[in-house]
Amino acid sequence: MKMLSLSVLAGVVAAPVSACDLCSIYSATQARGEIGEGFFSGVAEQFSHFGTVQVDGQKVPNVAGQYLESSISQFYAGYNFNDRFGVQANLPVIYRSFKRPAGFETDRGTESGIGDVSLIGNFLVYRMLKENFTFSWSVLGGIKFPTGSTDRIKEEFNEVEDVGAPPSGIHGHDLTLGTGSFDGIVGSGIFTR
């Protein structure tokens, strides 16, 4: 219960950020170094709401009432070969709802579908377990495949700003479900208590 309360508190006070592939690529027990052996699976969810407009880093009135709400559910499954090394596949399912100015008109809608799938390897480099202290350090690496739709990225080439119209803070790259490219993923995690 204590861990759940801390997780909820962290979610409430966390600043909004754009979704990243590393946000949900391993389970919380793996982050703590408790990976064990065998198959595992799970689901992680990230919800972000953006409704503040900034120009040159300064908040300005949101006269058009624009917003972007993004929900990303990461379904993951993997296998741990031993207590130090495992592999994991991640399937993000994305739903985005938005309202933005398009010249003097309002564009509102949704985008949903499969995002970019990734395959990750996780290696526990070091772990110290004591009665009142735990420390673990892990590294990971993998590849992200271009499985998500990139249709919205094409909007970037056709954007025109109408003089006198409210500027849009939401563009094609914010709405796209995928990147359209193979990308390497590397990372490291440290857990201590």
# chains A, B, ... in the order shown; residues from 1 in each chain; ligands from 1
call {"tool": "residues_around", "arguments": {"residues": "A:Ala89", "least_positions_apart": "4", "cutoff": "7 Å", "atoms": "only C-alpha atoms", "output": "number ranges by chain"}}
result
A: 76-78, 118-120
call {"tool": "write_last_selection", "arguments": {"atoms": "all heavy atoms", "output": "compact mmCIF listing (two decimals), in the first residue's frame"}}
result
# COMPACT_ATOMS: atom_id res chain seq x y z
N TYR A 76 3.34 -4.96 -22.50
CA TYR A 76 4.67 -5.53 -22.63
C TYR A 76 4.69 -6.98 -22.18
O TYR A 76 3.89 -7.41 -21.34
CB TYR A 76 5.72 -4.70 -21.85
CG TYR A 76 5.50 -4.60 -20.36
CD1 TYR A 76 6.01 -5.55 -19.49
CD2 TYR A 76 4.79 -3.54 -19.83
CE1 TYR A 76 5.83 -5.45 -18.14
CE2 TYR A 76 4.59 -3.43 -18.47
CZ TYR A 76 5.11 -4.38 -17.62
OH TYR A 76 4.92 -4.29 -16.27
N ALA A 77 5.60 -7.74 -22.79
CA ALA A 77 5.79 -9.14 -22.44
C ALA A 77 7.26 -9.45 -22.66
O ALA A 77 7.90 -8.88 -23.55
CB ALA A 77 4.91 -10.04 -23.29
N GLY A 78 7.78 -10.34 -21.84
CA GLY A 78 9.18 -10.67 -22.00
C GLY A 78 9.56 -11.94 -21.29
O GLY A 78 8.71 -12.65 -20.73
N SER A 118 8.78 -1.79 -29.80
CA SER A 118 10.21 -1.87 -29.46
C SER A 118 10.56 -3.23 -28.87
O SER A 118 9.71 -3.91 -28.29
CB SER A 118 10.60 -0.76 -28.49
OG SER A 118 9.86 -0.84 -27.30
N LEU A 119 11.80 -3.63 -29.04
CA LEU A 119 12.36 -4.85 -28.48
C LEU A 119 13.58 -4.44 -27.66
O LEU A 119 14.50 -3.82 -28.21
CB LEU A 119 12.74 -5.84 -29.59
CG LEU A 119 13.29 -7.18 -29.13
CD1 LEU A 119 12.25 -7.93 -28.30
CD2 LEU A 119 13.71 -8.01 -30.33
N ILE A 120 13.57 -4.79 -26.37
CA ILE A 120 14.57 -4.29 -25.43
C ILE A 120 15.25 -5.45 -24.71
O ILE A 120 14.59 -6.41 -24.32
CB ILE A 120 13.89 -3.40 -24.35
CG1 ILE A 120 13.04 -2.32 -24.98
CG2 ILE A 120 14.92 -2.83 -23.39
CD1 ILE A 120 13.80 -1.29 -25.73
call {"tool": "closest_atom_pairs", "arguments": {"of": "stretch 115-192 of chain A", "to": "stretch 94-111 of chain A", "cutoff": "8 Å", "atoms": "only C-alpha atoms", "output": "CSV"}}
result
residue,atom,partner,partner_atom,distance
A:Gly115,CA,A:Ile94,CA,6.3
A:Glu161,CA,A:Gly103,CA,6.8
A:Asp162,CA,A:Gly103,CA,5.4
A:Ala165,CA,A:Gly103,CA,5.4
A:Pro166,CA,A:Pro101,CA,6.5
A:Pro167,CA,A:Pro101,CA,6.8
A:Ser168,CA,A:Pro101,CA,5.4
A:Gly169,CA,A:Arg100,CA,7.4
A:Ile170,CA,A:Arg100,CA,6.4
A:Leu175,CA,A:Glu111,CA,6.8
A:Thr176,CA,A:Glu111,CA,7.7
A:Leu177,CA,A:Ile94,CA,6.8
call {"tool": "write_last_selection", "arguments": {"atoms": "all heavy atoms", "output": "mmCIF file, in the first residue's frame"}}
result
data_model
loop_
_atom_site.group_PDB
_atom_site.id
_atom_site.type_symbol
_atom_site.label_atom_id
_atom_site.label_comp_id
_atom_site.auth_asym_id
_atom_site.auth_seq_id
_atom_site.Cartn_x
_atom_site.Cartn_y
_atom_site.Cartn_z
ATOM 1 N N GLY A 115 1.389 2.390 -31.830
ATOM 2 C CA GLY A 115 2.585 3.219 -31.949
ATOM 3 C C GLY A 115 3.766 2.392 -32.424
ATOM 4 O O GLY A 115 3.600 1.291 -32.974
ATOM 5 N N GLU A 161 0.974 30.079 -41.617
ATOM 6 C CA GLU A 161 0.445 30.904 -40.539
ATOM 7 C C GLU A 161 -0.342 32.066 -41.135
ATOM 8 O O GLU A 161 0.179 32.845 -41.918
ATOM 9 C CB GLU A 161 1.596 31.425 -39.671
ATOM 10 C CG GLU A 161 1.123 32.049 -38.390
ATOM 11 C CD GLU A 161 2.274 32.377 -37.462
ATOM 12 O OE1 GLU A 161 3.217 31.576 -37.365
ATOM 13 O OE2 GLU A 161 2.222 33.451 -36.848
ATOM 14 N N ASP A 162 -1.621 32.147 -40.764
ATOM 15 C CA ASP A 162 -2.484 33.238 -41.221
ATOM 16 C C ASP A 162 -2.277 34.446 -40.313
ATOM 17 O O ASP A 162 -2.393 34.339 -39.092
ATOM 18 C CB ASP A 162 -3.959 32.830 -41.196
ATOM 19 C CG ASP A 162 -4.280 31.755 -42.222
ATOM 20 O OD1 ASP A 162 -3.516 31.626 -43.192
ATOM 21 O OD2 ASP A 162 -5.291 31.051 -42.043
ATOM 22 N N ALA A 165 -4.550 35.363 -37.135
ATOM 23 C CA ALA A 165 -5.171 34.164 -36.563
ATOM 24 C C ALA A 165 -4.358 33.707 -35.359
ATOM 25 O O ALA A 165 -3.149 33.907 -35.307
ATOM 26 C CB ALA A 165 -5.233 33.062 -37.617
ATOM 27 N N PRO A 166 -4.996 33.075 -34.367
ATOM 28 C CA PRO A 166 -4.227 32.586 -33.226
ATOM 29 C C PRO A 166 -3.263 31.489 -33.663
ATOM 30 O O PRO A 166 -3.634 30.628 -34.469
ATOM 31 C CB PRO A 166 -5.293 32.043 -32.265
ATOM 32 C CG PRO A 166 -6.539 31.908 -33.048
ATOM 33 C CD PRO A 166 -6.416 32.792 -34.247
ATOM 34 N N PRO A 167 -2.032 31.516 -33.179
ATOM 35 C CA PRO A 167 -1.079 30.477 -33.567
ATOM 36 C C PRO A 167 -1.423 29.149 -32.897
ATOM 37 O O PRO A 167 -1.917 29.117 -31.773
ATOM 38 C CB PRO A 167 0.260 31.015 -33.055
ATOM 39 C CG PRO A 167 -0.107 31.932 -31.935
ATOM 40 C CD PRO A 167 -1.446 32.504 -32.278
ATOM 41 N N SER A 168 -1.172 28.069 -33.594
ATOM 42 C CA SER A 168 -1.427 26.738 -33.048
ATOM 43 C C SER A 168 -0.194 26.248 -32.297
ATOM 44 O O SER A 168 0.933 26.363 -32.776
ATOM 45 C CB SER A 168 -1.768 25.752 -34.159
ATOM 46 O OG SER A 168 -1.931 24.451 -33.620
ATOM 47 N N GLY A 169 -0.421 25.695 -31.129
ATOM 48 C CA GLY A 169 0.661 25.068 -30.362
ATOM 49 C C GLY A 169 0.710 23.573 -30.577
ATOM 50 O O GLY A 169 1.530 22.881 -30.004
ATOM 51 N N ILE A 170 -0.187 23.050 -31.405
ATOM 52 C CA ILE A 170 -0.274 21.612 -31.655
ATOM 53 C C ILE A 170 -0.047 21.376 -33.139
ATOM 54 O O ILE A 170 -0.767 21.893 -33.981
ATOM 55 C CB ILE A 170 -1.647 21.062 -31.224
ATOM 56 C CG1 ILE A 170 -1.882 21.363 -29.745
ATOM 57 C CG2 ILE A 170 -1.741 19.574 -31.506
ATOM 58 C CD1 ILE A 170 -3.303 21.192 -29.300
ATOM 59 N N LEU A 175 0.825 14.936 -32.929
ATOM 60 C CA LEU A 175 -0.307 14.038 -33.106
ATOM 61 C C LEU A 175 0.062 12.688 -33.708
ATOM 62 O O LEU A 175 -0.714 11.739 -33.621
ATOM 63 C CB LEU A 175 -1.356 14.704 -34.006
ATOM 64 C CG LEU A 175 -1.948 16.008 -33.477
ATOM 65 C CD1 LEU A 175 -2.841 16.646 -34.532
ATOM 66 C CD2 LEU A 175 -2.706 15.772 -32.184
ATOM 67 N N THR A 176 1.227 12.587 -34.317
ATOM 68 C CA THR A 176 1.602 11.362 -35.014
ATOM 69 C C THR A 176 1.689 10.173 -34.058
ATOM 70 O O THR A 176 1.993 10.333 -32.871
ATOM 71 C CB THR A 176 2.925 11.548 -35.770
ATOM 72 O OG1 THR A 176 3.118 10.437 -36.627
ATOM 73 C CG2 THR A 176 4.104 11.682 -34.832
ATOM 74 N N LEU A 177 1.425 8.990 -34.556
ATOM 75 C CA LEU A 177 1.492 7.774 -33.752
ATOM 76 C C LEU A 177 2.854 7.101 -33.842
ATOM 77 O O LEU A 177 3.193 6.288 -32.986
ATOM 78 C CB LEU A 177 0.406 6.793 -34.202
ATOM 79 C CG LEU A 177 -1.029 7.321 -34.129
ATOM 80 C CD1 LEU A 177 -1.991 6.287 -34.687
ATOM 81 C CD2 LEU A 177 -1.391 7.725 -32.717
#
call {"tool": "residues_around", "arguments": {"residues": "A:Gly86", "least_positions_apart": "4", "cutoff": "9 Å", "atoms": "only C-alpha atoms", "output": "PyMOL selection string"}}
result
chain A and resi 35+37-38+78-82+120-123
call {"tool": "write_last_selection", "arguments": {"atoms": "N, CA and C atoms", "output": "mmCIF file, in the first residue's frame"}}
result
data_model
loop_
_atom_site.group_PDB
_atom_site.id
_atom_site.type_symbol
_atom_site.label_atom_id
_atom_site.label_comp_id
_atom_site.auth_asym_id
_atom_site.auth_seq_id
_atom_site.Cartn_x
_atom_site.Cartn_y
_atom_site.Cartn_z
ATOM 1 N N ILE A 35 14.030 -8.983 -10.735
ATOM 2 C CA ILE A 35 13.497 -9.508 -11.989
ATOM 3 C C ILE A 35 13.266 -11.006 -11.990
ATOM 4 N N GLU A 37 13.376 -15.116 -12.758
ATOM 5 C CA GLU A 37 13.466 -15.851 -14.012
ATOM 6 C C GLU A 37 12.084 -16.131 -14.562
ATOM 7 N N GLY A 38 12.000 -16.321 -15.892
ATOM 8 C CA GLY A 38 10.750 -16.739 -16.511
ATOM 9 C C GLY A 38 10.046 -15.639 -17.281
ATOM 10 N N GLY A 78 7.784 -10.335 -21.843
ATOM 11 C CA GLY A 78 9.180 -10.666 -21.997
ATOM 12 C C GLY A 78 9.558 -11.944 -21.289
ATOM 13 N N TYR A 79 10.841 -12.210 -21.308
ATOM 14 C CA TYR A 79 11.378 -13.403 -20.667
ATOM 15 C C TYR A 79 12.701 -13.051 -20.003
ATOM 16 N N ASN A 80 12.853 -13.420 -18.744
ATOM 17 C CA ASN A 80 14.120 -13.252 -18.027
ATOM 18 C C ASN A 80 14.853 -14.587 -18.040
ATOM 19 N N PHE A 81 16.025 -14.597 -18.636
ATOM 20 C CA PHE A 81 16.813 -15.812 -18.732
ATOM 21 C C PHE A 81 17.398 -16.206 -17.392
ATOM 22 N N ASN A 82 17.716 -15.224 -16.577
ATOM 23 C CA ASN A 82 18.195 -15.435 -15.210
ATOM 24 C C ASN A 82 17.880 -14.168 -14.420
ATOM 25 N N ILE A 120 13.573 -4.791 -26.372
ATOM 26 C CA ILE A 120 14.573 -4.289 -25.432
ATOM 27 C C ILE A 120 15.247 -5.448 -24.707
ATOM 28 N N GLY A 121 16.554 -5.312 -24.487
ATOM 29 C CA GLY A 121 17.292 -6.208 -23.605
ATOM 30 C C GLY A 121 17.674 -5.451 -22.348
ATOM 31 N N ASN A 122 17.551 -6.091 -21.181
ATOM 32 C CA ASN A 122 17.833 -5.456 -19.897
ATOM 33 C C ASN A 122 18.876 -6.288 -19.156
ATOM 34 N N PHE A 123 19.939 -5.646 -18.661
ATOM 35 C CA PHE A 123 20.997 -6.346 -17.935
ATOM 36 C C PHE A 123 21.231 -5.667 -16.596
#
call {"tool": "select_by_dssp", "arguments": {"residues": "stretch 82-150 of chain A", "states": "strand (DSSP E)", "output": "ChimeraX atom specification"}}
result
/A:85-102,105-114,118-130,133-144
call {"tool": "residues_around", "arguments": {"residues": "stretch 43-51 of chain A", "least_positions_apart": "6", "cutoff": "6 Å", "atoms": "only C-alpha atoms", "output": "PyMOL selection string"}}
result
chain A and resi 67-75
call {"tool": "residues_around", "arguments": {"residues": "stretch 127-141 of chain A", "least_positions_apart": "3", "cutoff": "9 Å", "atoms": "only C-alpha atoms", "output": "mmCIF file with N, CA, C and O atoms, in the first residue's frame"}}
result
data_model
loop_
_atom_site.group_PDB
_atom_site.id
_atom_site.type_symbol
_atom_site.label_atom_id
_atom_site.label_comp_id
_atom_site.auth_asym_id
_atom_site.auth_seq_id
_atom_site.Cartn_x
_atom_site.Cartn_y
_atom_site.Cartn_z
ATOM 1 N N GLN A 30 11.319 -4.834 -12.099
ATOM 2 C CA GLN A 30 12.614 -4.883 -12.766
ATOM 3 C C GLN A 30 13.440 -3.661 -12.417
ATOM 4 O O GLN A 30 14.651 -3.746 -12.264
ATOM 5 N N ALA A 31 12.811 -2.505 -12.307
ATOM 6 C CA ALA A 31 13.534 -1.285 -11.952
ATOM 7 C C ALA A 31 14.159 -1.420 -10.574
ATOM 8 O O ALA A 31 15.219 -0.868 -10.309
ATOM 9 N N ARG A 32 13.510 -2.172 -9.696
ATOM 10 C CA ARG A 32 14.052 -2.370 -8.350
ATOM 11 C C ARG A 32 15.065 -3.509 -8.319
ATOM 12 O O ARG A 32 15.610 -3.809 -7.273
ATOM 13 N N GLY A 33 15.279 -4.173 -9.438
ATOM 14 C CA GLY A 33 16.240 -5.263 -9.472
ATOM 15 C C GLY A 33 15.673 -6.587 -9.006
ATOM 16 O O GLY A 33 16.405 -7.500 -8.675
ATOM 17 N N ARG A 84 19.657 -11.660 -13.934
ATOM 18 C CA ARG A 84 20.394 -10.495 -14.408
ATOM 19 C C ARG A 84 20.045 -10.070 -15.842
ATOM 20 O O ARG A 84 20.219 -8.921 -16.199
ATOM 21 N N LEU A 119 11.803 -3.626 -29.045
ATOM 22 C CA LEU A 119 12.356 -4.853 -28.478
ATOM 23 C C LEU A 119 13.578 -4.445 -27.664
ATOM 24 O O LEU A 119 14.498 -3.818 -28.206
ATOM 25 N N ILE A 120 13.573 -4.791 -26.372
ATOM 26 C CA ILE A 120 14.573 -4.289 -25.432
ATOM 27 C C ILE A 120 15.247 -5.448 -24.707
ATOM 28 O O ILE A 120 14.589 -6.413 -24.319
ATOM 29 N N GLY A 121 16.554 -5.312 -24.487
ATOM 30 C CA GLY A 121 17.292 -6.208 -23.605
ATOM 31 C C GLY A 121 17.674 -5.451 -22.348
ATOM 32 O O GLY A 121 18.050 -4.279 -22.419
ATOM 33 N N ASN A 122 17.551 -6.091 -21.181
ATOM 34 C CA ASN A 122 17.833 -5.456 -19.897
ATOM 35 C C ASN A 122 18.876 -6.288 -19.156
ATOM 36 O O ASN A 122 18.730 -7.507 -19.039
ATOM 37 N N PHE A 123 19.939 -5.646 -18.661
ATOM 38 C CA PHE A 123 20.997 -6.346 -17.935
ATOM 39 C C PHE A 123 21.231 -5.667 -16.596
ATOM 40 O O PHE A 123 21.458 -4.451 -16.543
ATOM 41 N N LEU A 124 21.152 -6.437 -15.515
ATOM 42 C CA LEU A 124 21.405 -5.928 -14.179
ATOM 43 C C LEU A 124 22.909 -5.963 -13.930
ATOM 44 O O LEU A 124 23.507 -7.026 -13.805
ATOM 45 N N GLY A 184 17.617 3.260 -32.311
ATOM 46 C CA GLY A 184 18.243 2.539 -31.219
ATOM 47 C C GLY A 184 17.785 3.108 -29.888
ATOM 48 O O GLY A 184 17.521 4.302 -29.770
ATOM 49 N N ILE A 185 17.658 2.236 -28.902
ATOM 50 C CA ILE A 185 17.278 2.656 -27.552
ATOM 51 C C ILE A 185 18.370 2.210 -26.602
ATOM 52 O O ILE A 185 18.755 1.038 -26.596
ATOM 53 N N VAL A 186 18.895 3.146 -25.842
ATOM 54 C CA VAL A 186 19.863 2.819 -24.790
ATOM 55 C C VAL A 186 19.451 3.572 -23.531
ATOM 56 O O VAL A 186 18.870 4.651 -23.600
ATOM 57 N N GLY A 187 19.708 2.984 -22.404
ATOM 58 C CA GLY A 187 19.348 3.646 -21.163
ATOM 59 C C GLY A 187 19.983 2.943 -19.979
ATOM 60 O O GLY A 187 20.617 1.900 -20.108
ATOM 61 N N SER A 188 19.811 3.562 -18.847
ATOM 62 C CA SER A 188 20.340 3.034 -17.602
ATOM 63 C C SER A 188 19.372 3.380 -16.489
ATOM 64 O O SER A 188 18.694 4.418 -16.548
ATOM 65 N N GLY A 189 19.274 2.535 -15.495
ATOM 66 C CA GLY A 189 18.389 2.803 -14.380
ATOM 67 C C GLY A 189 19.079 2.508 -13.068
ATOM 68 O O GLY A 189 19.859 1.554 -12.952
ATOM 69 N N ILE A 190 18.799 3.348 -12.087
ATOM 70 C CA ILE A 190 19.346 3.156 -10.744
ATOM 71 C C ILE A 190 18.179 3.158 -9.778
ATOM 72 O O ILE A 190 17.287 4.008 -9.858
ATOM 73 N N PHE A 191 18.170 2.177 -8.880
ATOM 74 C CA PHE A 191 17.147 2.113 -7.843
ATOM 75 C C PHE A 191 17.843 1.994 -6.500
ATOM 76 O O PHE A 191 18.798 1.233 -6.350
ATOM 77 N N THR A 192 17.386 2.772 -5.538
ATOM 78 C CA THR A 192 17.932 2.668 -4.188
ATOM 79 C C THR A 192 16.814 2.889 -3.187
ATOM 80 O O THR A 192 15.854 3.593 -3.448
ATOM 81 N N ARG A 193 16.951 2.277 -2.038
ATOM 82 C CA ARG A 193 16.022 2.528 -0.935
ATOM 83 C C ARG A 193 16.780 2.414 0.368
ATOM 84 O O ARG A 193 17.782 1.767 0.485
#
call {"tool": "select_by_dssp", "arguments": {"residues": "stretch 25-152 of chain A", "states": "alpha helix (DSSP H)", "output": "number ranges by chain"}}
result
A: 28-31
call {"tool": "write_last_selection", "arguments": {"atoms": "N, CA and C atoms", "output": "short mmCIF file (atom, residue, chain, number, x, y, z; two decimals), in the first residue's frame"}}
result
data_model
loop_
_atom_site.label_atom_id
_atom_site.label_comp_id
_atom_site.auth_asym_id
_atom_site.auth_seq_id
_atom_site.Cartn_x
_atom_site.Cartn_y
_atom_site.Cartn_z
N ALA A 28 8.02 -2.17 -12.84
CA ALA A 28 8.57 -1.55 -11.63
C ALA A 28 9.43 -2.54 -10.85
N THR A 29 9.08 -3.83 -10.84
CA THR A 29 9.89 -4.80 -10.11
C THR A 29 11.26 -4.95 -10.77
N GLN A 30 11.32 -4.83 -12.10
CA GLN A 30 12.61 -4.88 -12.77
C GLN A 30 13.44 -3.66 -12.42
N ALA A 31 12.81 -2.50 -12.31
CA ALA A 31 13.53 -1.29 -11.95
C ALA A 31 14.16 -1.42 -10.57
#
